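Visitor: Let me begin by handing over the structure; questions about it come next.
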Amino acid sequence: MMPTMMQRLLQGRGLAQIVALLVILAIDRAVSPQFFDVRMQDGRLFGSLIDVLNRGAPVALLALGMVLVIATRGIDLSVGAVMAIAGAIAASLADAYGLPLALAAALGAGLLCGLWNGFLVAVLGIQPIVATLILMVAGRGVAQLITEGRIVTFTASDLVWLGNGAVLGVPTPVVVVFGMLVVTGAVVRGSALGLLIEATGGNARASELAGIGTRAMILAVYVWCGLCAALAGVIAAADIMGADANNAGLWLELDAILAVVIGGTSLFGGRFSLVLAMVGALIIQAMNTGILLSGYPPEFNLLVKAAVVLIVLLLQSPRFASAGAVLGRARQ
Amino acid sequence: MTSKALLAATALVAITLSLPAAAAELTVGFSQIGSESGWRAAETSVSKSEAAKRKVTLKIADAQQKQENQIKAIRSFIAQGVDAIFLAPVVSSGWDAVLKEAKEAKIPVVLLDRDIDPSGKELYLTAVTSDSVHEGAVAGEWLAKTVAGKACNVVELQGTVGASVATNRKKGFDSVVAKNANLKVVRSQTGDFTRAKGKEVMESFIKAEGGGKNICAVYAHNDDMMVGAIQAMKEAGLKPGKDILTVSIDAVPDIFKAIAAGEANATVELTPNMAGPALDAIMAYKAKGTVPPKWIQTESKLYTAADDPQKIYDSKKGLGY
């Protein structure tokens with residue numbers, strides 16, 4: 001009885017992720033008693049829970065673009081490098097030309113990067129992992145060229161606000177993520193677009209024959225992914241009031257992919273969930289923040305992360321759930 | 001003109017051309033790691049100016065953080081027949097084969113900034129590095145002196161886990177903490193040497209230690225993490241430099257800006273001038289055959305608000321940090 005109920009619960013869409021998030025938050029509370037304390041500090045909410053949301057924002061933004069790319073059976077390894085490029089551009093321009101131009105240039109660069117990836121994948125038919133690897137390597141070089149290898153700092157207060165400000169007490173990055181989630185959700189779920197993306201990922205050839213413009217779909221998701229990455233890069237730069245081309249977004253493409261996968265979207269394309277990808281990003285950050293609060297020696301950080309990710313993925317595995325059911329029946 | 005005279009004339013021209021070149025000018029090949037940090041960029045620009053000061057031709061090869069590129073660069077320096085090779089090794093092992101080639105070609109190799117595995121000790125002339133254990137100790141001693149016996153809870157922002165610099169800077173600081181019972185490291189976590197991680201880790205330290213009330217000082221293994229930590233303290237409504245003392249290592253320009261603003265207290269310099277002492281050693285070796293000691297230690301100077309931070313900031317700003 002119990003195992004089948006467990007099985008049904010865990011196979012319910014999204015439940016495994018939400019349970020995992022709650023469990024991790026509970027563990028965070030256990031290692032750090034003040035975890036859920038939230039107070040106002042200089043007109044901004046302040047507390048570990050807010051940190052989880054705020055620090056998770058860049059990966060959440062990356063995951064928002066990545067989930068659509070993965071739904072088309074693609075992958076975008078270049079998002080970390082695109083973050084570095086966008087941050088470098090925004091930081092270099094903000095003081096001299098003001099926020100609107102700096103933001104437009106940074107986001108424009110993200111769009112161009114996405115267009116390039118989309119062109120390689122959709123038009124030239126290069127495998128996504130190889131196509132985006134090119135920009136992953138070259139993009140960081142481009143960012144380093146822009147910053148000349150230095151950390152470019154800025155003081156433009158409106159750009160700083162994007163990383164450190166607040167709207168009604170909620171940190172700006174969190175508001176930006178929420179806004180992007182709503183926009184993306186409205187576009188892909190408010191129309192047939194989401195369905196067409198899923199069809200493209202499920203079977204591109206069949207979709208093409210059924211009259212779906214799969215090339216346009218693929219191009220569009222990479223462009224959107226580039227835009228999300230650029231926005232994440234601007235926020236990351238605004239957060240530290242400087243563009244660190246060597247480190248901004250470094251390895252975050254892997255966190256973004258992980259967030260999407262934890263969110264239950266298969267790397268083989270097809271069905272996807274925007275909200276669960278966000279939950280995936282939150283799971284990763286809740287774990288990171290918990291590790292920092294716990295006071296364990298840093299040598300354990302990666303081990304703990306790997307173990308948690310393994311457990312979360314196992315929870316979602318249908319075979320694991322049915323194996324549990326078989327074991328349960330054997331015991332009865 | 002006979003062919004003999006022509007030959008003699010060419011020989012003469014060749015001698016006059018080559019003689020002064022061989023006597024006064026050295027050519028040094030420098031295999032630099034790449035642009036991994038601002039400090040690296042400063043080291044490269046200081047190396048260029050130090051070489052120009054001594055009229056040495058410096059050929060710099062950027063390895064983009066890859067050992068195979070460094071090995072290729074060293075091989076090409078050997079093929080070009082340079083007078084000496086400077087190497088800033090990206091990793092500590094795997095150099096034996098290529099350094100043997102340099103030794104066979106009788107080209108002295110000087111390591112800059114980082115050492116290699118002891119197995120290769122005979123393969124290079126000398127290593128110019130700072131002592132990162134000593135740097136940590138200088139930082140610790142400043143803190144011990146400043147708190148003057150009062151109890152002080154320290155939080156530590158470590159460098160990348162496993163990086164020798166991080167291990168050593170921790171060791172040096174810990175040695176001072178062990179001697180002073182009033183100092184206690186209450187939290188220690190890695191900030192990966194970056195501003196973003198330094199800020200994130202400091203945010204969690206503040207929350208875990210009663211909103212920062214239990215923290216008396218921050219020790220960061222590099223200035224960049226401290227710049228991030230300073231932002232985290234300010235956002236938490238704390239006054240860095242007053243409520244919480246700060247000491248970090250590297251002496252990059254931005255920390256002097258913070259010191260000038262009263263938001264940071266002290267930094268220990270990792271001098272970007274490694275090439276200067278290395279060039280001096282090579283020139284003495286080439287001219288008089290003086291064999292330098294196996295290790296040339298650079299000075300780890302402490303800077304505080306008393307050292308005119310604004311002036312230092314202005315002088316360091318243009319170095320490429």
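All residue names refer to the structure tokens as shown: chains lettered A, B, ... in order, residues numbered from 1 in each chain, ligands numbered from 1 in order.
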Write out as a list of chain:residue names which residues come within 12 Å of Arg271 (chain A) when counting only C-alpha atoms, dropping same-chain ones fewer than 5 positions away.

Guide: A:Arg13, A:Val67, A:Leu68, A:Val69, A:Ile70, A:Ala71, A:Thr72, A:Arg73, A:Gly194, A:Leu195, A:Leu196, A:Ile197, A:Glu198, A:Ala199, A:Thr200, A:Gly201, A:Gly202, A:Asn203, A:Val260, A:Val261, A:Gly263, A:Gly264, A:Thr265, A:Ser266, A:Leu276

Visitor: Tell me, as a VMD selection string, which residues lie within 8 Å of Asn54 (chain A), counting only C-alpha atoms; anything in the same chain fewer than 5 positions away does not count.

Guide: chain A and resid 171 173 to 174

Visitor: Please provide the set of residues having any atom within 8 Å of region 42-49 of chain A, restricted to only C-alpha atoms, with same-chain residues fewer than 3 positions apart removed, written as a ChimeraX atom specification.

Guide: /A:34-39,52-53,165-166,168-171,289 /B:204,207,235-237

Visitor: Pick out the chain B residues within 6 Å of chain A. Count only C-alpha atoms. Give them as a list in words.

Guide: Ser35, Gly38, Gln189, Thr190, Ser204 and Tyr321 of chain B

Visitor: Quick check for you: according to DSSP on this backbone, which residues of region 60-222 of chain B are classed as strand (DSSP E or B)? Reply as a VMD selection string.

Guide: chain B and resid 60 to 62 84 to 87 109 to 112 126 to 129 152 to 158 183 to 190 217 to 220

Visitor: Just N, CA, C and O atoms for this one: save the residues we selected as a CSV table (one decimal), in the first residue's frame.

Guide:
chain,number,residue,atom,x,y,z
B,60,ILE,N,56.9,37.7,-24.8
B,60,ILE,CA,55.9,37.1,-23.9
B,60,ILE,C,54.9,36.2,-24.7
B,60,ILE,O,54.4,36.6,-25.8
B,61,ALA,N,54.8,35.0,-24.2
B,61,ALA,CA,53.8,34.1,-24.9
B,61,ALA,C,52.7,33.8,-23.9
B,61,ALA,O,52.9,33.4,-22.8
B,62,ASP,N,51.5,34.1,-24.3
B,62,ASP,CA,50.3,33.9,-23.5
B,62,ASP,C,49.8,32.5,-23.6
B,62,ASP,O,49.5,32.1,-24.7
B,84,ALA,N,67.5,33.4,-22.1
B,84,ALA,CA,66.9,32.9,-20.9
B,84,ALA,C,65.4,32.7,-21.0
B,84,ALA,O,64.8,33.4,-21.9
B,85,ILE,N,64.9,31.8,-20.2
B,85,ILE,CA,63.4,31.6,-20.3
B,85,ILE,C,62.8,31.9,-18.9
B,85,ILE,O,63.3,31.3,-17.9
B,86,PHE,N,61.8,32.7,-18.9
B,86,PHE,CA,61.0,32.9,-17.7
B,86,PHE,C,59.7,32.0,-17.8
B,86,PHE,O,59.1,32.0,-18.9
B,87,LEU,N,59.4,31.3,-16.7
B,87,LEU,CA,58.2,30.5,-16.8
B,87,LEU,C,57.4,30.7,-15.6
B,87,LEU,O,57.8,30.6,-14.5
B,109,VAL,N,66.5,28.7,-17.0
B,109,VAL,CA,65.1,28.9,-16.8
B,109,VAL,C,64.9,29.5,-15.4
B,109,VAL,O,65.4,29.0,-14.4
B,110,VAL,N,64.1,30.5,-15.4
B,110,VAL,CA,63.7,31.1,-14.1
B,110,VAL,C,62.2,31.0,-13.9
B,110,VAL,O,61.4,31.4,-14.8
B,111,LEU,N,61.8,30.4,-12.8
B,111,LEU,CA,60.4,30.3,-12.5
B,111,LEU,C,59.9,31.6,-11.9
B,111,LEU,O,60.6,32.2,-11.0
B,112,LEU,N,58.7,32.1,-12.3
B,112,LEU,CA,58.2,33.3,-11.7
B,112,LEU,C,56.9,33.0,-11.0
B,112,LEU,O,56.1,32.2,-11.5
B,126,THR,N,66.6,29.4,-10.9
B,126,THR,CA,66.1,29.9,-9.6
B,126,THR,C,64.6,30.2,-9.7
B,126,THR,O,64.1,30.2,-10.9
B,127,ALA,N,63.9,30.3,-8.6
B,127,ALA,CA,62.5,30.6,-8.6
B,127,ALA,C,62.3,31.9,-7.9
B,127,ALA,O,62.8,32.1,-6.8
B,128,VAL,N,61.6,32.9,-8.5
B,128,VAL,CA,61.3,34.1,-7.9
B,128,VAL,C,59.8,34.0,-7.4
B,128,VAL,O,59.0,34.1,-8.3
B,129,THR,N,59.6,33.9,-6.2
B,129,THR,CA,58.2,33.8,-5.7
B,129,THR,C,58.1,34.5,-4.4
B,129,THR,O,59.1,34.8,-3.7
B,152,CYS,N,38.8,38.1,19.7
B,152,CYS,CA,38.3,38.5,18.4
B,152,CYS,C,38.0,37.2,17.6
B,152,CYS,O,38.8,36.3,17.4
B,153,ASN,N,36.7,37.2,17.1
B,153,ASN,CA,36.2,36.1,16.3
B,153,ASN,C,36.5,36.5,14.8
B,153,ASN,O,36.0,37.5,14.3
B,154,VAL,N,37.2,35.6,14.1
B,154,VAL,CA,37.6,35.9,12.7
B,154,VAL,C,36.8,34.9,11.8
B,154,VAL,O,36.7,33.8,12.1
B,155,VAL,N,36.3,35.5,10.7
B,155,VAL,CA,35.8,34.6,9.7
B,155,VAL,C,36.8,34.7,8.5
B,155,VAL,O,37.4,35.7,8.2
B,156,GLU,N,37.0,33.5,7.8
B,156,GLU,CA,38.0,33.4,6.8
B,156,GLU,C,37.4,33.1,5.5
B,156,GLU,O,36.6,32.2,5.3
B,157,LEU,N,37.7,33.9,4.4
B,157,LEU,CA,37.3,33.6,3.1
B,157,LEU,C,38.5,32.9,2.4
B,157,LEU,O,39.5,33.6,2.1
B,158,GLN,N,38.4,31.6,2.2
B,158,GLN,CA,39.6,30.9,1.6
B,158,GLN,C,39.6,31.0,0.1
B,158,GLN,O,38.5,31.3,-0.5
B,183,LEU,N,42.6,35.2,19.5
B,183,LEU,CA,42.1,35.1,18.1
B,183,LEU,C,41.5,33.8,17.9
B,183,LEU,O,42.0,32.8,18.3
B,184,LYS,N,40.3,33.7,17.2
B,184,LYS,CA,39.7,32.5,17.0
B,184,LYS,C,39.0,32.5,15.6
B,184,LYS,O,38.2,33.4,15.3
B,185,VAL,N,39.3,31.6,14.7
B,185,VAL,CA,38.7,31.5,13.4
B,185,VAL,C,37.4,30.7,13.6
B,185,VAL,O,37.4,29.5,13.9
B,186,VAL,N,36.2,31.5,13.5
B,186,VAL,CA,34.9,30.8,13.8
B,186,VAL,C,34.3,30.2,12.6
B,186,VAL,O,33.6,29.2,12.6
B,187,ARG,N,34.6,30.8,11.4
B,187,ARG,CA,34.1,30.2,10.2
B,187,ARG,C,35.1,30.3,9.1
B,187,ARG,O,35.8,31.3,9.0
B,188,SER,N,35.2,29.3,8.2
B,188,SER,CA,36.1,29.4,7.1
B,188,SER,C,35.5,28.6,5.9
B,188,SER,O,35.0,27.5,6.1
B,189,GLN,N,35.4,29.3,4.8
B,189,GLN,CA,34.7,28.7,3.7
B,189,GLN,C,35.4,29.3,2.4
B,189,GLN,O,36.0,30.4,2.5
B,190,THR,N,35.3,28.6,1.3
B,190,THR,CA,35.9,29.0,0.1
B,190,THR,C,35.1,30.1,-0.6
B,190,THR,O,33.9,29.9,-0.8
B,217,ALA,N,36.5,40.3,12.9
B,217,ALA,CA,37.4,40.6,11.7
B,217,ALA,C,37.2,39.6,10.6
B,217,ALA,O,36.7,38.4,10.8
B,218,VAL,N,37.4,40.0,9.4
B,218,VAL,CA,37.4,39.1,8.2
B,218,VAL,C,38.8,39.0,7.7
B,218,VAL,O,39.5,40.0,7.5
B,219,TYR,N,39.2,37.8,7.4
B,219,TYR,CA,40.5,37.6,6.7
B,219,TYR,C,40.2,36.9,5.4
B,219,TYR,O,39.5,35.9,5.3
B,220,ALA,N,40.6,37.5,4.3
B,220,ALA,CA,40.3,37.0,2.9
B,220,ALA,C,41.7,36.7,2.3
B,220,ALA,O,42.6,37.4,2.4

Visitor: What's around Lys179 (chain B) at 12 Å? Count only C-alpha atoms, leave out sequence neighbours fewer than 3 positions away in its own chain, and write the answer as a ChimeraX atom specification.

Guide: /B:137,140-141,144,149,172-176,182-184

Visitor: What would the file look like if the residues just selected were written as a PDB file, in the first residue's frame with N, CA and C atoms?

Guide:
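Contents of out_9.pdb, as written:
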ATOM      1  N   ALA B 137      50.925  34.950   7.451  1.00  0.00           N
ATOM      2  CA  ALA B 137      51.426  35.289   8.785  1.00  0.00           C
ATOM      3  C   ALA B 137      51.460  36.804   8.978  1.00  0.00           C
ATOM      4  N   GLY B 140      48.022  37.879   9.691  1.00  0.00           N
ATOM      5  CA  GLY B 140      47.645  37.480  11.044  1.00  0.00           C
ATOM      6  C   GLY B 140      48.282  38.366  12.097  1.00  0.00           C
ATOM      7  N   GLU B 141      49.573  38.688  11.882  1.00  0.00           N
ATOM      8  CA  GLU B 141      50.268  39.522  12.870  1.00  0.00           C
ATOM      9  C   GLU B 141      49.683  40.930  12.927  1.00  0.00           C
ATOM     10  N   ALA B 144      46.606  40.545  15.058  1.00  0.00           N
ATOM     11  CA  ALA B 144      46.959  40.321  16.465  1.00  0.00           C
ATOM     12  C   ALA B 144      47.383  41.632  17.115  1.00  0.00           C
ATOM     13  N   GLY B 149      45.224  41.897  22.101  1.00  0.00           N
ATOM     14  CA  GLY B 149      44.866  41.046  23.228  1.00  0.00           C
ATOM     15  C   GLY B 149      43.383  40.864  23.458  1.00  0.00           C
ATOM     16  N   GLY B 172      49.753  30.116   7.132  1.00  0.00           N
ATOM     17  CA  GLY B 172      50.469  31.231   7.744  1.00  0.00           C
ATOM     18  C   GLY B 172      49.611  31.962   8.760  1.00  0.00           C
ATOM     19  N   PHE B 173      48.342  32.190   8.401  1.00  0.00           N
ATOM     20  CA  PHE B 173      47.429  32.893   9.301  1.00  0.00           C
ATOM     21  C   PHE B 173      47.158  32.041  10.535  1.00  0.00           C
ATOM     22  N   ASP B 174      46.927  30.743  10.291  1.00  0.00           N
ATOM     23  CA  ASP B 174      46.642  29.826  11.403  1.00  0.00           C
ATOM     24  C   ASP B 174      47.804  29.771  12.397  1.00  0.00           C
ATOM     25  N   SER B 175      49.030  29.903  11.890  1.00  0.00           N
ATOM     26  CA  SER B 175      50.179  29.833  12.793  1.00  0.00           C
ATOM     27  C   SER B 175      50.157  31.003  13.778  1.00  0.00           C
ATOM     28  N   VAL B 176      49.682  32.171  13.307  1.00  0.00           N
ATOM     29  CA  VAL B 176      49.588  33.320  14.214  1.00  0.00           C
ATOM     30  C   VAL B 176      48.413  33.138  15.180  1.00  0.00           C
ATOM     31  N   ASN B 182      43.535  34.885  22.033  1.00  0.00           N
ATOM     32  CA  ASN B 182      42.370  35.769  21.872  1.00  0.00           C
ATOM     33  C   ASN B 182      41.788  35.712  20.463  1.00  0.00           C
ATOM     34  N   LEU B 183      42.569  35.241  19.492  1.00  0.00           N
ATOM     35  CA  LEU B 183      42.070  35.134  18.122  1.00  0.00           C
ATOM     36  C   LEU B 183      41.455  33.761  17.904  1.00  0.00           C
ATOM     37  N   LYS B 184      40.316  33.749  17.226  1.00  0.00           N
ATOM     38  CA  LYS B 184      39.657  32.470  16.971  1.00  0.00           C
ATOM     39  C   LYS B 184      38.991  32.527  15.597  1.00  0.00           C
TER      40      LYS B 184
END

Visitor: Give the answer as one residue: which of A:Leu313, A:Ile85, A:Ala91, A:Leu103 has the shortest atom-to-atom distance to Ala138 (chain A), using only C-alpha atoms?

Guide: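 Closest to Ala138 (chain A), using only C-alpha atoms: A:Ile85.
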
Visitor: Mind giving me the straight-line distance from CA of Ile50 (chain A) to CA of Ala84 (chain A) in Å, one decimal?

Guide: 24.5 Å

Visitor: Mind checking which residues fall within 7 Å of region 298-300 of chain B, counting only C-alpha atoms, ignoring those fewer than 2 positions away in the same chain, and posting them as a count of residues only?

Guide: 8

Visitor: Measuring between only C-alpha atoms, which one of A:Ala306, A:Met278, A:Leu267, A:Val23 shows the shortest distance to Ile129 (chain A)?

Guide: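 Between A:Ala306, A:Met278, A:Leu267, A:Val23, the residue approaching Ile129 (chain A) most closely is A:Leu267.
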
Visitor: Could you pull out the alpha helix (DSSP H) residues of region 31-216 of chain A, going by DSSP on the backbone, and write them as a ChimeraX atom specification?

Guide: /A:31,48-55,57-71,79-97,99-118,128-147,157-164,172-189,193-202,204-209,214-216

Visitor: Of the candidates B:Ile230, B:Ile259, B:Lys286, B:Ile312, which one gets nearest to Glu25 (chain B) if we count only C-alpha atoms?

Guide: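 When distances to Glu25 (chain B) are compared using only C-alpha atoms, the smallest one comes from B:Lys286.
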
Visitor: Within 12 Å of region 112-119 of chain A, counting only C-alpha atoms, which residues qualify if same-chain residues fewer than 4 places away don't, as a ChimeraX atom specification?

Guide: /A:65-66,69,72,74-86,104-108,123-136,138-139,142,214-230

Visitor: Just the residues within 8 Å of Asp254 (chain B), please, counting only C-alpha atoms, with nothing from its chain fewer than 3 positions along; format it as a VMD selection string.

Guide: chain B and resid 227 257 to 258 313

Visitor: Kindly give the distance, in Å, that separates CA of Val234 (chain A) and CA of Ala232 (chain B), rounded to a single decimal.

Guide: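 Going from CA of Val234 (chain A) over to CA of Ala232 (chain B) covers 18.5 Å.
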